[in-house]
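Asker: Starting off with a structure, shown below.
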Amino acid sequence: MRPTGKLHIGHWVGALENWILLQKDFENFHLIADYHALTTNLDSSNIENNSVEMAIDWLAAGIDTSKSIVFRQSQVKEHTELFLIFSMLVTTARLERNPTLKDQVRDLNIENVVYGHLGYPVLQAADILLYKGELVPVGEDQVPHVEITREIARDFNRQYGNVFPIPEPKLTSFARLPGLNGDAKMSKSMNNTILLSDTEGEISKRMRTAVTDPQKLRKNDPGHPEVCLVFTYHKKFNSNEVEQIEKDCRSGALGCVDCKLNCASKISATLSPFREKRNYYENHLSEVREILIEGEKKAQAVAAQTISEVREMMRLG
Ligand code: SF4
């Protein structure tokens with residue numbers, strides 16, 4: 001995950017929940033992709049702080065560092081070496097066909113794509129394969145990147161000998177939470193988020209801006225929950241009341257303001273233990289930095305082993 005600062009509930013639903021479940025059954029590597037942050041923004045002044053903020057969110061959400069390794073990409077130099085080697089195995093035409101790149105260029109209005117941005121999936125392949133990742137927990141938009149990783153792994157193995165597994169994407173069943181404005185994606189740049197760290201008051205305020213069924217103009221108008229964003233949030237954060245809400249919305253017994261406030265209180269209650277833990281880590285920053293340094297040592301040990309195998313297979317000495 002790129003370090004863009006504090007995380008929002010879309011990250012929780014799309015990634016963190018899945019990671020926390022996976023740590024029961026798998027050995028997990030959680031990479032703070034700080035080099036990737038530079039592909040679309042050269043300003044590096046906030047990367048360190050944003051990385052720590054994101055690590056705090058991960059820890060507060062339940063990433064258990066006794067089971068999972070948490071580390072910053074830039075602190076494990078082997079990422080750049082494997083990226084360079086993999087760069088020889090993929091054509092620019094293949095990277096130009098990457099649909100995610102096309103989306104980013106359009107959404108961010110990028111006029112000139114830099115080489116590092118074009119090669120972003122190759123660095124991602126290095127991120128995954130350095131740890132011989134078998135499953136990659138990603139959102140749907142990242143599936144094409146995993147496909148490029150699979151191609152690179154196959155090409156390397158064919159050319160030099162078997163070093164890498166062919167990884168599979170692992171999607172969550174509720175992979176994407178729409179933004180408060182109805183946009184398909186929740187993102188800070190669109191200002192359509194609820195942050196994991198938001199207080200109950202902030203969540204209520206943000207929820208009041210959520211789009212609902214446009215045909216339900218007055219409280220007693222019958223509504224269509226299937227087109228309502230707030231109803232989508234209820235399904236995720238308030239599953240016990242979903243049936244009743246659907247019925248009352250359709251009959252006109254429930255108004256949107258009450259429905260939104262109810263949803264806000266359920267989201268807030270879900271995030272309450274998270275906020276408490278976050279508060280703890282915010283007040284123990286040296287502990288967070290120590291966790292990162294420890295993770296980086298463990299990640300580096302695995303990465304060094306993989307690079308040594310790669311060099312041996314390639315007869316690089
Ligand atoms: S009552 Fe609730 S579910 Fe129905 S349209 Fe309003 S906010 Fe959406």
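Starting from 1 in every chain, residues are counted up; chains themselves are A, B, ... following the order of the structure tokens, and ligands are numbered from 1 as listed.
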Return as number ranges by chain the residues of protein, DNA or RNA that approach ligand 1 to within 6 Å, with only C-alpha atoms and all ligand atoms taken into account.

Answerer: A: 212-213, 223-225, 228, 230-231, 249, 254-256, 259-260

Asker: Which residues are close to range 3-8 of chain A, i.e. within 10 Å by only C-alpha atoms, leaving aside same-chain residues fewer than 4 positions away? Reply as JSON, numbers by chain.

Answerer: {"A": [12, 13, 16, 31, 32, 33, 34, 35, 36, 37, 46, 47, 48, 49, 50, 51, 52, 53, 54, 55, 56, 57, 58, 72, 186, 187, 188, 192, 193, 194, 195, 196, 197, 198]}

Asker: Mind checking which residues fall within 12 Å of Glu81 in chain A, counting only C-alpha atoms, ignoring those fewer than 5 positions away in the same chain, and posting them as a PyMOL selection string?

Answerer: chain A and resi 74+76+86-88+122-123+125-127+130+303-304+306-308+310-311

Asker: What does the file look like for those residues with N, CA and C atoms, as a compact mmCIF listing (two decimals), in the first residue's frame?

Answerer:
```txt
# COMPACT_ATOMS: atom_id res chain seq x y z
N SER A 74 11.63 1.11 0.82
CA SER A 74 12.89 1.80 0.55
C SER A 74 14.01 1.35 1.48
N VAL A 76 14.71 -1.78 2.17
CA VAL A 76 15.22 -3.10 1.77
C VAL A 76 15.73 -2.94 0.32
N PHE A 86 14.21 -7.56 -13.42
CA PHE A 86 12.90 -7.82 -14.05
C PHE A 86 12.63 -6.88 -15.22
N SER A 87 13.21 -5.68 -15.17
CA SER A 87 12.98 -4.70 -16.25
C SER A 87 13.44 -5.23 -17.60
N MET A 88 14.36 -6.21 -17.57
CA MET A 88 14.86 -6.78 -18.83
C MET A 88 13.90 -7.83 -19.38
N VAL A 122 6.43 -3.43 -12.65
CA VAL A 122 7.65 -4.25 -12.59
C VAL A 122 8.24 -4.16 -11.17
N LEU A 123 8.20 -2.96 -10.61
CA LEU A 123 8.64 -2.81 -9.21
C LEU A 123 7.70 -3.62 -8.31
N ALA A 125 6.17 -6.31 -9.15
CA ALA A 125 6.55 -7.73 -9.32
C ALA A 125 7.73 -8.06 -8.41
N ALA A 126 8.68 -7.13 -8.34
CA ALA A 126 9.83 -7.34 -7.46
C ALA A 126 9.37 -7.39 -5.99
N ASP A 127 8.43 -6.51 -5.63
CA ASP A 127 7.91 -6.48 -4.25
C ASP A 127 7.30 -7.83 -3.86
N LEU A 130 10.18 -11.03 -4.47
CA LEU A 130 11.33 -11.02 -3.55
C LEU A 130 11.03 -11.89 -2.33
N ALA A 303 14.74 -11.26 1.65
CA ALA A 303 15.07 -10.66 0.35
C ALA A 303 16.49 -11.02 -0.07
N ALA A 304 17.41 -10.98 0.88
CA ALA A 304 18.82 -11.28 0.56
C ALA A 304 18.96 -12.72 0.08
N THR A 306 16.63 -14.51 -1.47
CA THR A 306 16.07 -14.62 -2.83
C THR A 306 17.06 -14.04 -3.85
N ILE A 307 17.65 -12.89 -3.54
CA ILE A 307 18.58 -12.27 -4.48
C ILE A 307 19.79 -13.17 -4.68
N SER A 308 20.21 -13.83 -3.63
CA SER A 308 21.36 -14.73 -3.78
C SER A 308 21.01 -15.88 -4.74
N VAL A 310 18.74 -15.75 -7.13
CA VAL A 310 18.61 -15.14 -8.46
C VAL A 310 19.99 -14.98 -9.10
N ARG A 311 20.93 -14.46 -8.33
CA ARG A 311 22.29 -14.23 -8.85
C ARG A 311 22.94 -15.56 -9.24
```

Asker: Could you go through range 217-277 of chain A and tell me which residues DSSP, when run on the backbone, assigns to alpha helix (DSSP H), listing them as a count of residues only?

Answerer: 41

Asker: Using only C-alpha atoms, find the one residue out of A:Lys247, A:His234, A:Leu129, A:Asp221 that sits nearest to Leu177 in chain A.

Answerer: A:His234

Asker: How many Å lie between CA of Glu282 in chain A and CA of Phe71 in chain A, rounded to one decimal?

Answerer: 17.9 Å

Asker: Quick one, how far is CA of Ile69 in chain A from CA of Gln300 in chain A?

Answerer: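 Between these atoms lies a distance of 10.6 Å.
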
Asker: Looking only at the backbone, which of the residues in range 125-242 of chain A does DSSP tag as strand (DSSP E), as an MDAnalysis selection string?

Answerer: chainID A and resid 135:137 168:170

Asker: Which is closer to Asn238 in chain A than all the others in A:Leu180, A:Ile267, A:Met190, A:Val138, using only C-alpha atoms?

Answerer: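 Between A:Leu180, A:Ile267, A:Met190, A:Val138, the residue approaching Asn238 in chain A most closely is A:Ile267.
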
Asker: Please, what distance in Å, to one decimal, runs between CA of Leu108 in chain A and CA of Asn191 in chain A?

Answerer: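 Here the two named atoms are 14.6 Å from each other.
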
Asker: Just checking: using only C-alpha atoms, which residue out of A:Gln73, A:Gln142, A:Thr100, A:Thr92 ends up closest to Ala15 in chain A?

Answerer: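 Of all the options, A:Gln142 lies closest to Ala15 in chain A.
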